[in-house]
file query-v1.txt (compact mmCIF, C-alpha atoms)
# COMPACT_ATOMS: atom_id res chain seq x y z
CA MET D 635 11.66 9.43 6.32
CA LYS D 636 10.88 6.76 8.90
CA HIS D 637 11.12 9.08 11.87
CA ASN D 638 7.94 10.90 10.78
CA ILE D 639 6.17 8.11 8.92
CA THR D 640 2.79 8.81 10.55
CA ASP D 641 2.83 12.23 8.87
CA TYR D 642 2.48 10.64 5.45
CA ASN D 643 -0.57 10.14 3.26
CA PHE D 644 0.29 7.55 0.61
CA TYR D 645 -0.85 7.17 -2.98
CA HIS D 646 -0.29 3.72 -4.48
CA ILE D 647 0.39 3.54 -8.22
CA TYR D 648 0.55 0.38 -10.32
CA PRO D 649 2.09 2.10 -13.36
CA LEU D 650 1.76 -0.61 -16.02
CA GLY D 651 -1.99 -0.60 -15.45
CA MET D 652 -2.47 3.09 -14.78
CA CYS D 653 -0.69 3.97 -18.01
CA GLY D 654 -2.36 1.31 -20.13
CA ALA D 655 0.96 -0.30 -21.06
CA LEU D 656 1.13 -3.20 -23.49
CA LYS D 657 0.42 -6.50 -21.72
CA GLN D 658 3.60 -8.06 -23.12
CA ASN D 659 7.03 -6.46 -23.46
CA ASP D 660 8.62 -7.25 -26.80
CA PHE D 661 11.90 -5.61 -25.62
CA SER D 662 12.14 -3.60 -28.85
CA GLN D 663 9.67 -0.73 -28.52
CA ALA D 664 10.64 2.88 -27.91
CA PRO D 665 10.38 4.10 -24.29
CA GLY D 666 6.86 4.99 -23.18
CA ASN D 667 5.69 8.29 -21.68
CA CYS D 668 4.11 7.02 -18.46
CA ILE D 669 6.65 8.36 -16.00
CA LYS D 670 6.87 11.68 -17.83
CA THR D 671 3.10 12.07 -17.65
CA LEU D 672 3.10 11.17 -13.97
CA THR D 673 5.73 13.83 -13.36
CA SER D 674 3.46 16.44 -14.91
CA LYS D 675 0.56 15.44 -12.62
CA ILE D 676 2.24 15.98 -9.24
CA ASP D 677 0.01 19.01 -8.62
CA TYR D 678 -3.02 16.72 -8.67
CA LEU D 679 -1.54 14.55 -5.93
CA LEU D 680 -0.60 17.60 -3.87
CA ASP D 681 -4.17 18.85 -4.14
CA LEU D 682 -5.37 15.46 -2.88
CA GLY D 683 -3.12 15.85 0.15
CA ILE D 684 -0.58 13.23 -0.89
CA ASN D 685 2.98 13.46 0.42
CA ALA D 686 4.23 9.90 -0.22
CA ILE D 687 4.00 7.66 -3.28
CA TYR D 688 4.37 3.90 -3.42
CA ILE D 689 4.92 3.01 -7.07
CA GLY D 690 5.78 -0.16 -8.93
CA PRO D 691 6.84 -2.51 -10.26
CA LEU D 692 8.94 -0.21 -12.40
CA PHE D 693 11.79 -2.31 -13.73
CA GLU D 694 12.11 -4.25 -16.97
CA SER D 695 9.78 -7.23 -17.05
CA THR D 696 8.09 -9.54 -19.50
CA ALA D 697 4.45 -8.91 -18.63
CA HIS D 698 2.91 -7.67 -15.36
CA GLY D 699 6.02 -6.26 -13.69
CA TYR D 700 6.48 -8.93 -11.05
CA ASP D 701 8.31 -11.15 -13.58
CA THR D 702 11.50 -9.08 -13.51
CA VAL D 703 13.96 -9.24 -16.39
CA ASP D 704 16.42 -6.53 -15.31
CA TYR D 705 16.56 -4.80 -11.91
CA TYR D 706 18.79 -2.04 -13.22
CA TRP D 707 16.61 -0.58 -15.97
CA VAL D 708 13.14 0.94 -15.96
CA ASP D 709 10.59 -1.03 -17.97
CA ARG D 710 10.71 0.49 -21.44
CA ARG D 711 6.91 0.45 -21.58
CA LEU D 712 6.99 3.10 -18.81
CA GLY D 713 9.98 5.23 -19.77
CA THR D 714 13.68 5.47 -19.04
CA ASN D 715 15.99 5.64 -16.04
CA ASP D 716 16.35 9.36 -16.67
CA ASP D 717 12.56 9.75 -16.56
CA LEU D 718 12.44 8.06 -13.17
CA LYS D 719 15.29 10.19 -11.86
CA LYS D 720 13.43 13.35 -12.87
CA PHE D 721 10.16 12.04 -11.39
CA VAL D 722 11.70 11.43 -7.97
CA ASN D 723 13.45 14.79 -8.10
CA VAL D 724 10.16 16.62 -8.80
CA CYS D 725 8.48 14.66 -6.00
CA HIS D 726 11.21 15.69 -3.57
CA GLN D 727 10.96 19.32 -4.68
CA ASN D 728 7.31 19.09 -3.60
CA ASN D 729 8.09 17.27 -0.34
CA ILE D 730 6.73 13.94 -1.58
CA CYS D 731 8.59 10.76 -0.62
CA VAL D 732 8.91 7.92 -3.13
CA ILE D 733 8.80 4.22 -2.24
CA LEU D 734 9.51 1.63 -4.94
CA ASP D 735 8.13 -1.87 -5.27
CA ALA D 736 11.02 -4.32 -4.75
CA VAL D 737 10.38 -7.75 -6.26
CA PHE D 738 13.13 -9.89 -4.76
CA ASN D 739 11.38 -13.17 -4.04
CA HIS D 740 11.30 -14.25 -7.67
CA THR D 741 12.25 -13.28 -11.23
CA GLY D 742 10.69 -13.86 -14.60
CA ARG D 743 11.79 -16.60 -16.96
CA ASP D 744 13.49 -14.02 -19.20
CA PHE D 745 15.89 -13.00 -16.42
CA PHE D 746 19.50 -13.56 -17.49
CA ALA D 747 20.29 -16.12 -14.78
CA PHE D 748 17.29 -18.27 -15.67
CA LYS D 749 18.07 -18.06 -19.40
CA ASP D 750 21.59 -19.26 -18.64
CA LEU D 751 20.12 -22.14 -16.63
CA GLN D 752 17.94 -23.07 -19.59
CA ASN D 753 20.88 -22.98 -21.96
CA ASN D 754 23.52 -24.68 -19.81
CA GLY D 755 21.60 -26.87 -17.39
CA MET D 756 23.80 -28.43 -14.69
CA ASN D 757 26.78 -26.50 -16.04
CA SER D 758 25.13 -23.15 -15.46
CA GLN D 759 26.97 -20.92 -12.99
CA TYR D 760 23.52 -19.69 -11.89
CA LYS D 761 21.94 -23.03 -11.02
CA ASP D 762 22.14 -22.18 -7.31
CA TRP D 763 20.47 -18.79 -7.81
CA TYR D 764 17.07 -20.45 -7.70
CA LYS D 765 15.27 -22.59 -5.12
CA ASN D 766 14.94 -26.35 -5.48
CA VAL D 767 16.31 -26.71 -8.99
CA ARG D 768 16.21 -30.40 -9.94
CA PHE D 769 17.59 -32.01 -13.09
CA ASP D 770 15.83 -35.35 -12.66
CA GLN D 771 12.47 -33.98 -13.78
CA ARG D 772 10.97 -31.45 -16.19
CA SER D 773 9.13 -28.27 -15.34
CA PRO D 774 5.48 -27.70 -16.34
CA MET D 775 6.86 -25.21 -18.89
CA GLY D 776 8.90 -27.90 -20.65
CA ASP D 777 12.35 -27.09 -19.21
CA ASN D 778 14.82 -29.94 -18.74
CA PHE D 779 14.73 -29.25 -15.01
CA SER D 780 12.17 -28.26 -12.41
CA TYR D 781 12.19 -25.33 -10.03
CA GLU D 782 10.22 -23.79 -7.21
CA ASN D 783 7.79 -21.12 -8.30
CA TRP D 784 5.83 -18.54 -6.35
CA ALA D 785 2.22 -19.32 -5.44
CA GLY D 786 1.82 -21.81 -8.29
CA CYS D 787 2.79 -19.29 -10.97
CA ASN D 788 5.29 -20.97 -13.28
CA ASP D 789 6.34 -17.65 -14.79
CA LEU D 790 7.65 -16.52 -11.38
CA VAL D 791 10.82 -18.43 -10.50
CA LYS D 792 11.72 -18.32 -6.79
CA LEU D 793 15.15 -16.87 -6.09
CA ASN D 794 17.48 -18.33 -3.48
CA VAL D 795 17.89 -14.99 -1.72
CA ASP D 796 20.28 -16.49 0.84
CA ASN D 797 22.80 -17.16 -1.91
CA PRO D 798 25.61 -14.56 -1.50
CA GLN D 799 25.80 -13.99 -5.25
CA VAL D 800 22.06 -13.33 -5.45
CA GLN D 801 22.32 -10.93 -2.53
CA GLU D 802 25.22 -9.13 -4.20
CA HIS D 803 23.15 -8.67 -7.36
CA LEU D 804 19.99 -7.52 -5.56
CA PHE D 805 21.79 -5.26 -3.11
CA GLY D 806 23.69 -3.79 -6.03
CA ALA D 807 20.35 -2.93 -7.60
CA VAL D 808 19.18 -1.26 -4.39
CA GLU D 809 22.38 0.78 -4.22
CA HIS D 810 21.80 1.76 -7.83
CA TRP D 811 18.22 2.87 -7.04
CA ILE D 812 19.37 4.93 -4.06
CA LYS D 813 22.31 6.58 -5.82
CA THR D 814 20.68 7.07 -9.22
CA PHE D 815 17.08 7.86 -8.27
CA ASN D 816 17.45 8.94 -4.62
CA ILE D 817 14.43 6.90 -3.51
CA ASP D 818 13.25 6.97 0.10
CA GLY D 819 12.35 3.33 0.70
CA LEU D 820 11.11 0.00 -0.58
CA ARG D 821 7.99 -2.10 -0.36
CA LEU D 822 9.14 -5.74 -0.38
CA ASP D 823 6.88 -7.89 -2.49
CA ALA D 824 5.96 -11.24 -0.91
CA ALA D 825 7.83 -10.38 2.29
CA ASP D 826 5.89 -13.07 4.12
CA VAL D 827 7.91 -15.72 2.27
CA LEU D 828 11.24 -13.90 2.06
CA SER D 829 14.09 -15.24 4.19
CA PRO D 830 14.41 -13.36 7.53
CA ASN D 831 18.18 -13.50 7.10
CA PHE D 832 17.86 -11.76 3.73
CA MET D 833 15.61 -9.02 5.10
CA GLU D 834 17.95 -8.35 8.02
CA LYS D 835 20.97 -8.06 5.73
CA LEU D 836 18.99 -5.82 3.40
CA SER D 837 18.02 -3.59 6.33
CA ILE D 838 21.63 -3.18 7.41
CA PHE D 839 22.71 -2.50 3.83
CA CYS D 840 20.04 0.16 3.29
CA GLN D 841 20.79 1.90 6.59
CA GLN D 842 24.43 2.16 5.60
CA LYS D 843 23.51 3.75 2.28
CA LYS D 844 20.73 6.02 3.58
CA PRO D 845 20.12 6.15 7.35
CA ASP D 846 16.45 7.14 7.17
CA PHE D 847 15.60 4.57 4.46
CA TRP D 848 12.18 2.93 5.03
CA LEU D 849 11.36 -0.75 4.48
CA MET D 850 7.80 -2.06 4.31
CA GLY D 851 6.83 -5.66 3.69
CA GLU D 852 3.84 -7.18 1.95
CA VAL D 853 2.43 -9.58 4.56
CA VAL D 854 -1.02 -11.10 4.02
CA HIS D 855 -1.20 -13.54 6.94
CA GLY D 856 0.65 -14.07 10.20
CA ASP D 857 1.93 -12.22 13.22
CA TYR D 858 3.24 -8.88 11.98
CA ASN D 859 5.78 -8.84 14.81
CA ASN D 860 7.73 -11.46 12.88
CA TRP D 861 8.49 -8.88 10.19
CA ALA D 862 8.17 -5.39 11.68
CA LYS D 863 10.94 -5.27 14.23
CA PRO D 864 14.24 -3.48 14.81
CA GLY D 865 16.84 -4.64 12.32
CA ARG D 866 14.28 -6.07 9.90
CA LEU D 867 11.32 -4.05 8.53
CA ASP D 868 9.73 -0.78 9.60
CA SER D 869 6.17 -1.64 8.63
CA VAL D 870 3.92 -4.19 6.93
CA THR D 871 0.64 -4.16 5.01
CA ASN D 872 -2.28 -4.31 7.45
CA TYR D 873 -4.52 -6.91 5.80
CA GLN D 874 -6.29 -7.66 9.07
CA ILE D 875 -7.70 -4.14 9.38
CA TYR D 876 -8.31 -3.96 5.62
CA LYS D 877 -10.75 -6.84 5.92
CA SER D 878 -12.27 -5.62 9.17
CA LEU D 879 -13.02 -2.16 7.76
CA TRP D 880 -15.27 -3.15 4.88
CA SER D 881 -16.61 -6.28 6.57
CA ALA D 882 -17.85 -4.28 9.57
CA PHE D 883 -19.96 -2.17 7.21
CA ASN D 884 -21.22 -4.94 4.95
CA SER D 885 -22.22 -7.16 7.87
CA GLY D 886 -23.49 -4.34 10.09
CA ASN D 887 -21.17 -5.45 12.87
CA MET D 888 -18.79 -2.84 14.24
CA HIS D 889 -17.74 -5.27 16.96
CA GLU D 890 -15.48 -7.01 14.42
CA LEU D 891 -13.63 -3.79 13.66
CA GLY D 892 -13.60 -2.71 17.30
CA TYR D 893 -12.14 -6.04 18.39
CA ASN D 894 -9.33 -5.94 15.82
CA LEU D 895 -8.43 -2.31 16.51
CA ASN D 896 -8.21 -3.09 20.22
CA ARG D 897 -6.12 -6.17 19.49
CA GLU D 898 -3.70 -4.22 17.29
CA VAL D 899 -3.38 -0.78 18.86
CA GLY D 900 -5.53 -0.57 22.00
CA ASP D 901 -4.24 -0.83 25.56
CA GLY D 902 -1.81 -3.74 25.41
CA GLY D 903 -2.17 -3.91 21.61
CA ILE D 904 0.22 -6.36 19.98
CA TYR D 905 1.29 -3.88 17.24
CA LYS D 906 1.57 -0.66 19.25
CA ASN D 907 5.33 -0.49 18.81
CA PHE D 908 5.30 0.20 15.08
CA THR D 909 3.14 1.83 12.43
CA LEU D 910 1.15 -0.33 10.03
CA TYR D 911 0.29 0.49 6.41
CA ASN D 912 -3.50 0.77 6.07
CA PHE D 913 -5.53 0.58 2.86
CA LEU D 914 -9.04 -0.07 1.53
CA ASP D 915 -7.88 -1.70 -1.71
CA ASN D 916 -4.78 -2.34 -3.79
CA HIS D 917 -3.63 -4.03 -6.99
CA ASP D 918 -4.31 -7.53 -5.61
CA VAL D 919 -7.81 -7.17 -4.11
CA ASN D 920 -11.16 -5.95 -5.39
CA ARG D 921 -11.66 -2.18 -5.55
CA ILE D 922 -13.38 -0.94 -2.41
CA ALA D 923 -16.26 0.47 -4.52
CA SER D 924 -16.89 -3.08 -5.76
CA THR D 925 -16.50 -4.59 -2.29
CA VAL D 926 -19.01 -2.52 -0.32
CA THR D 927 -22.69 -3.39 -0.57
CA LYS D 928 -23.65 0.31 -0.50
CA GLN D 929 -21.73 3.12 -2.16
CA GLU D 930 -22.55 5.42 0.78
CA TYR D 931 -20.15 3.33 2.87
CA LEU D 932 -17.19 4.76 0.95
CA TYR D 933 -17.32 8.02 2.88
CA PRO D 934 -17.15 6.72 6.47
CA LEU D 935 -14.66 4.05 5.34
CA TYR D 936 -12.25 6.67 4.02
CA GLY D 937 -12.94 8.65 7.18
CA LEU D 938 -11.76 5.70 9.25
CA LEU D 939 -8.77 5.07 6.97
CA TYR D 940 -7.55 8.58 7.75
CA THR D 941 -8.25 8.51 11.51
CA ILE D 942 -7.31 5.06 12.81
CA PRO D 943 -3.69 4.47 13.89
CA GLY D 944 -1.38 3.76 10.99
CA ILE D 945 -0.45 5.14 7.58
CA PRO D 946 -3.35 5.73 5.14
CA SER D 947 -2.92 4.78 1.50
CA ILE D 948 -5.17 5.41 -1.49
CA TYR D 949 -4.93 3.09 -4.50
CA TYR D 950 -4.82 5.09 -7.72
CA GLY D 951 -8.25 5.84 -9.12
CA SER D 952 -10.15 4.77 -6.03
CA GLU D 953 -10.46 8.42 -5.05
CA TYR D 954 -12.86 8.55 -8.01
CA GLY D 955 -14.80 5.59 -6.61
CA ILE D 956 -13.89 3.43 -9.60
CA ARG D 957 -14.83 -0.23 -9.55
CA GLY D 958 -12.95 -3.44 -10.38
CA VAL D 959 -12.96 -7.11 -9.41
CA ARG D 960 -10.57 -9.99 -9.76
CA ASN D 961 -11.97 -12.67 -12.04
CA GLN D 962 -11.05 -15.97 -13.66
CA TRP D 963 -8.98 -14.15 -16.29
CA GLY D 964 -6.76 -12.36 -13.80
CA ASP D 965 -6.23 -9.01 -12.12
CA SER D 966 -6.54 -6.65 -15.08
CA GLU D 967 -9.81 -5.09 -13.88
CA LEU D 968 -8.06 -4.12 -10.63
CA ARG D 969 -5.42 -2.24 -12.63
CA PRO D 970 -7.15 -0.20 -15.36
CA SER D 971 -5.81 2.76 -17.27
CA VAL D 972 -7.23 6.03 -15.96
CA PRO D 973 -7.25 9.58 -17.33
CA PRO D 974 -5.03 11.31 -18.37
CA PHE D 975 -3.58 8.07 -19.74
CA CYS D 976 -6.83 7.25 -21.55
CA THR D 977 -9.79 9.31 -22.73
CA HIS D 978 -12.33 7.54 -20.52
CA LEU D 979 -12.60 4.73 -18.02
CA PRO D 980 -13.68 1.29 -19.26
CA GLU D 981 -17.29 0.43 -18.51
CA PHE D 982 -16.44 -2.04 -15.72
CA ALA D 983 -14.52 0.64 -13.80
CA ARG D 984 -16.98 3.51 -14.00
CA PRO D 985 -17.89 4.77 -10.54
CA ALA D 986 -21.33 4.30 -9.03
CA THR D 987 -20.85 7.32 -6.77
CA ASN D 988 -20.13 11.02 -7.26
CA SER D 989 -16.43 11.14 -8.10
CA SER D 990 -15.90 14.83 -7.41
CA SER D 991 -17.71 14.57 -4.07
CA LEU D 992 -15.55 11.66 -2.95
CA GLN D 993 -12.33 13.41 -4.02
CA LYS D 994 -13.37 16.56 -2.17
CA PHE D 995 -14.07 14.48 0.93
CA ILE D 996 -10.65 12.81 0.79
CA ARG D 997 -8.96 16.19 0.44
CA GLN D 998 -10.84 17.35 3.54
CA LEU D 999 -9.75 14.27 5.48
CA SER D 1000 -6.14 14.81 4.44
CA THR D 1001 -6.26 18.42 5.64
CA ILE D 1002 -7.67 17.36 9.01
CA ARG D 1003 -5.09 14.62 9.44
CA LYS D 1004 -2.24 17.02 8.67
CA GLU D 1005 -3.59 19.66 11.05
CA TYR D 1006 -4.13 17.50 14.15
CA LYS D 1007 -1.34 15.43 15.68
CA SER D 1008 -3.85 13.48 17.76
CA VAL D 1009 -5.39 12.10 14.56
CA ARG D 1010 -1.97 11.12 13.19
CA ASN D 1011 -0.03 10.07 16.26
CA GLY D 1012 -2.46 9.69 19.15
CA ASN D 1013 -2.98 6.64 21.33
CA TYR D 1014 -6.10 4.59 20.62
CA LYS D 1015 -8.93 3.92 23.08
CA GLN D 1016 -12.42 2.64 22.28
CA ILE D 1017 -15.08 4.71 24.09
CA GLY D 1018 -18.35 3.57 22.54
CA ILE D 1019 -19.75 0.76 20.38
CA ASN D 1020 -23.03 -0.60 19.02
CA MET D 1021 -23.67 -2.97 16.14
CA LYS D 1022 -23.47 -0.15 13.58
CA GLN D 1023 -21.65 2.58 15.50
CA LEU D 1024 -18.13 2.89 16.83
CA ALA D 1025 -16.32 5.67 18.68
CA PHE D 1026 -12.70 5.90 19.72
CA LEU D 1027 -10.45 8.45 21.31
CA ARG D 1028 -6.97 9.43 20.14
CA SER D 1029 -4.82 11.55 22.40
CA TYR D 1030 -1.40 13.07 21.80
CA GLN D 1031 0.15 15.20 24.54
CA ASP D 1032 -2.59 17.74 25.38
CA GLU D 1033 -4.55 17.29 22.14
CA VAL D 1034 -7.59 14.98 22.10
CA ALA D 1035 -9.63 13.72 19.14
CA ILE D 1036 -12.81 11.65 19.23
CA ILE D 1037 -13.90 9.84 16.08
CA ALA D 1038 -17.48 8.56 15.97
CA VAL D 1039 -18.75 6.63 12.94
CA ASN D 1040 -22.20 5.36 11.93
CA SER D 1041 -22.83 2.73 9.25
CA ASP D 1042 -26.61 2.85 9.62
CA SER D 1043 -28.76 4.36 6.86
CA SER D 1044 -30.39 6.69 9.39
CA THR D 1045 -29.04 9.13 11.98
CA GLN D 1046 -28.22 7.33 15.23
CA LYS D 1047 -27.05 8.17 18.73
CA LEU D 1048 -24.12 6.55 20.53
CA SER D 1049 -23.26 6.72 24.21
CA LEU D 1050 -19.64 7.71 24.84
CA ASN D 1051 -17.76 6.93 28.05
CA ASN D 1052 -14.46 7.85 29.69
CA PHE D 1053 -13.45 10.80 27.56
CA PRO D 1054 -11.86 14.08 28.71
CA THR D 1055 -14.28 16.90 29.39
CA GLY D 1056 -14.24 20.12 27.40
CA ASN D 1057 -15.69 21.69 24.30
CA TYR D 1058 -15.18 19.73 21.09
CA TYR D 1059 -15.10 21.03 17.53
CA ASP D 1060 -16.26 18.71 14.75
CA ALA D 1061 -13.57 19.47 12.18
CA LEU D 1062 -15.39 17.47 9.50
CA ASN D 1063 -18.87 18.96 9.92
CA ASP D 1064 -18.07 22.41 11.40
CA GLN D 1065 -20.07 21.99 14.60
CA TRP D 1066 -19.41 22.47 18.32
CA PHE D 1067 -20.31 20.07 21.13
CA THR D 1068 -20.10 20.22 24.91
CA SER D 1069 -19.02 17.26 27.04
CA GLU D 1070 -22.65 16.78 28.06
CA GLN D 1071 -23.78 16.54 24.44
CA LEU D 1072 -21.06 13.97 23.69
CA LYS D 1073 -22.41 11.56 26.29
CA ASN D 1074 -25.08 10.63 23.75
CA ILE D 1075 -23.70 11.93 20.47
CA GLU D 1076 -25.85 12.05 17.33
CA ILE D 1077 -24.07 10.76 14.21
CA PRO D 1078 -25.51 11.36 10.72
CA ALA D 1079 -26.41 8.41 8.49
CA THR D 1080 -23.41 6.57 6.97
CA TRP D 1081 -21.11 9.30 8.15
CA LEU D 1082 -18.67 10.19 10.91
CA ARG D 1083 -17.64 12.97 13.23
CA ILE D 1084 -14.05 14.03 13.92
CA LEU D 1085 -14.21 15.91 17.19
CA ILE D 1086 -11.21 17.89 18.45
CA ARG D 1087 -11.12 19.19 22.01
CA LYS D 1088 -10.47 22.92 22.02

call {"tool": "encode", "arguments": {"input": "query-v1.txt", "output": "structure tokens"}}
result
Amino acid sequence: MKHNITDYNFYHIYPLGMCGALKQNDFSQAPGNCIKTLTSKIDYLLDLGINAIYIGPLFESTAHGYDTVDYYWVDRRLGTNDDLKKFVNVCHQNNICVILDAVFNHTGRDFFAFKDLQNNGMNSQYKDWYKNVRFDQRSPMGDNFSYENWAGCNDLVKLNVDNPQVQEHLFGAVEHWIKTFNIDGLRLDAADVLSPNFMEKLSIFCQQKKPDFWLMGEVVHGDYNNWAKPGRLDSVTNYQIYKSLWSAFNSGNMHELGYNLNREVGDGGIYKNFTLYNFLDNHDVNRIASTVTKQEYLYPLYGLLYTIPGIPSIYYGSEYGIRGVRNQWGDSELRPSVPPFCTHLPEFARPATNSSSLQKFIRQLSTIRKEYKSVRNGNYKQIGINMKQLAFLRSYQDEVAIIAVNSDSSTQKLSLNNFPTGNYYDALNDQWFTSEQLKNIEIPATWLRILIRK
């Protein structure tokens, strides 16, 4: 997979939310139908132009999926191991790659090793499986010991991933996922706090089991070069560009986005040597339709998502323009059930834009991205910028693409410089332009042009 990663258009699924699963797992219910229903909806994803799925968490947990109970069994609220095997097989039959969420930084309190620690204390054979276990003080949850948690969440107990026994257990799970489900890669949860030694050993292990296996890390802050490098990870989540994309529109300042794109992937860009995972929203941040100050911004934002360097990813339901914000009660509004798993969207999630129009637009963008290598793989060069307009050039071998975007509420012109001469076809708007016309290109209100030299 990794050799052609820029060819992929991702769809991100948080299954426990998408399927409306019970908030708590009582470990006694019959297997759910979520994965089976997803399997029957592959045609929808194909129509949207999707050829890669990032899905998870999938394995047995107590509540939200990131509090793992058993790495070897699918969460019964979602289905069975056999359901997941069939799902991946159908995806592969349709040339869709499948990436699973791998939650290795921590487990839930119902995980067998932690239960043994609760029962046996200092005599537990698993006391070294967790970080900073101390028996001279109690935990906030009332245990006769304390432990390190993740991000202040006492239900997420931090694993000592450098412990050889922990590695053996986790790597065994990965081998099980590869052999049983034939997955194509992993997204490492909380990679920014995982041990580098652990990630390097995991990389070697995965390459031995499946040479083209792909590893992506969740990294919110920091220098991405610390994670995405040979022998460690292939990619990371691009939170810097995520913020720059919507902020440039809300603040009417394309210079912020232009600066960060130049810094990342322009001439001398610090991340030019690998491909970053781009997104407008996900299960941890507000839906993009709730983030933008004008719903019209959704169109040029998705246009940029599909044309800037990197891998584009759509978070399930956002192709409808659904809304959702994190609040004092948690993340549930970011992770709602959507049809066909429910009869209608909850009121808070209902889109404020035309859902069918936005979906049609995303399908068009996907088709353009698949057709033109310059849009997928081309170098990046900024060739024009104003406060509310930005233009950049992407070139791959002899193919040249110019993307020009306008966040203003009225049609505006932008002067372009240092681009190859020739006739350009606007693949998005079905128009032709000469080099002379491009010197002062007219861009429709809150829209963009994708110009291909012919």

call {"tool": "residues_around", "arguments": {"input": "query-v1.txt", "residues": "segment 719-732 of chain D", "least_positions_apart": "3", "cutoff": "12 Å", "atoms": "all atoms listed in the file", "output": "mmCIF file with C-alpha atoms, in the frame of the given file"}}
result
data_model
loop_
_atom_site.group_PDB
_atom_site.id
_atom_site.type_symbol
_atom_site.label_atom_id
_atom_site.label_comp_id
_atom_site.auth_asym_id
_atom_site.auth_seq_id
_atom_site.Cartn_x
_atom_site.Cartn_y
_atom_site.Cartn_z
ATOM 1 C CA MET D 635 11.660 9.430 6.320
ATOM 2 C CA LYS D 636 10.880 6.760 8.900
ATOM 3 C CA ASN D 638 7.940 10.900 10.780
ATOM 4 C CA ILE D 639 6.170 8.110 8.920
ATOM 5 C CA ASP D 641 2.830 12.230 8.870
ATOM 6 C CA TYR D 642 2.480 10.640 5.450
ATOM 7 C CA ASN D 643 -0.570 10.140 3.260
ATOM 8 C CA PHE D 644 0.290 7.550 0.610
ATOM 9 C CA TYR D 645 -0.850 7.170 -2.980
ATOM 10 C CA HIS D 646 -0.290 3.720 -4.480
ATOM 11 C CA ILE D 647 0.390 3.540 -8.220
ATOM 12 C CA ASN D 667 5.690 8.290 -21.680
ATOM 13 C CA CYS D 668 4.110 7.020 -18.460
ATOM 14 C CA ILE D 669 6.650 8.360 -16.000
ATOM 15 C CA LYS D 670 6.870 11.680 -17.830
ATOM 16 C CA THR D 671 3.100 12.070 -17.650
ATOM 17 C CA LEU D 672 3.100 11.170 -13.970
ATOM 18 C CA THR D 673 5.730 13.830 -13.360
ATOM 19 C CA SER D 674 3.460 16.440 -14.910
ATOM 20 C CA LYS D 675 0.560 15.440 -12.620
ATOM 21 C CA ILE D 676 2.240 15.980 -9.240
ATOM 22 C CA ASP D 677 0.010 19.010 -8.620
ATOM 23 C CA TYR D 678 -3.020 16.720 -8.670
ATOM 24 C CA LEU D 679 -1.540 14.550 -5.930
ATOM 25 C CA LEU D 680 -0.600 17.600 -3.870
ATOM 26 C CA ASP D 681 -4.170 18.850 -4.140
ATOM 27 C CA GLY D 683 -3.120 15.850 0.150
ATOM 28 C CA ILE D 684 -0.580 13.230 -0.890
ATOM 29 C CA ASN D 685 2.980 13.460 0.420
ATOM 30 C CA ALA D 686 4.230 9.900 -0.220
ATOM 31 C CA ILE D 687 4.000 7.660 -3.280
ATOM 32 C CA TYR D 688 4.370 3.900 -3.420
ATOM 33 C CA ILE D 689 4.920 3.010 -7.070
ATOM 34 C CA GLY D 690 5.780 -0.160 -8.930
ATOM 35 C CA TRP D 707 16.610 -0.580 -15.970
ATOM 36 C CA VAL D 708 13.140 0.940 -15.960
ATOM 37 C CA GLY D 713 9.980 5.230 -19.770
ATOM 38 C CA THR D 714 13.680 5.470 -19.040
ATOM 39 C CA ASN D 715 15.990 5.640 -16.040
ATOM 40 C CA ASP D 716 16.350 9.360 -16.670
ATOM 41 C CA ASP D 735 8.130 -1.870 -5.270
ATOM 42 C CA HIS D 810 21.800 1.760 -7.830
ATOM 43 C CA TRP D 811 18.220 2.870 -7.040
ATOM 44 C CA ILE D 812 19.370 4.930 -4.060
ATOM 45 C CA LYS D 813 22.310 6.580 -5.820
ATOM 46 C CA THR D 814 20.680 7.070 -9.220
ATOM 47 C CA PHE D 815 17.080 7.860 -8.270
ATOM 48 C CA ASN D 816 17.450 8.940 -4.620
ATOM 49 C CA ILE D 817 14.430 6.900 -3.510
ATOM 50 C CA ASP D 818 13.250 6.970 0.100
ATOM 51 C CA GLY D 819 12.350 3.330 0.700
ATOM 52 C CA LEU D 820 11.110 0.000 -0.580
ATOM 53 C CA ARG D 821 7.990 -2.100 -0.360
ATOM 54 C CA ASP D 846 16.450 7.140 7.170
ATOM 55 C CA PHE D 847 15.600 4.570 4.460
ATOM 56 C CA TRP D 848 12.180 2.930 5.030
ATOM 57 C CA LEU D 849 11.360 -0.750 4.480
#

call {"tool": "residues_around", "arguments": {"input": "query-v1.txt", "residues": "Arg1003 of chain D", "least_positions_apart": "6", "cutoff": "7 Å", "atoms": "only C-alpha atoms", "output": "VMD selection string"}}
result
chain D and resid 940 1009 to 1010

call {"tool": "closest_residue", "arguments": {"input": "query-v1.txt", "among": "D:Asn757, D:Ser989, D:Asn1057, D:Thr909", "to": "Gly951 of chain D", "atoms": "all atoms listed in the file"}}
result
D:Ser989

call {"tool": "residues_near_point", "arguments": {"input": "query-v1.txt", "point": "(-18.1, 21.7, 13.4)", "cutoff": "12 Å", "atoms": "only C-alpha atoms", "output": "JSON, numbers by chain"}}
result
{"D": [1057, 1058, 1059, 1060, 1061, 1062, 1063, 1064, 1065, 1066, 1067, 1068, 1082, 1083, 1084, 1085, 1086, 1087, 1088]}

call {"tool": "residues_around", "arguments": {"input": "query-v1.txt", "residues": "segment 912-916 of chain D", "least_positions_apart": "5", "cutoff": "6 Å", "atoms": "only C-alpha atoms", "output": "list of chain:residue names"}}
result
D:Asn872, D:Tyr876, D:Arg921, D:Ile922, D:Ile945, D:Pro946, D:Ser947, D:Tyr949
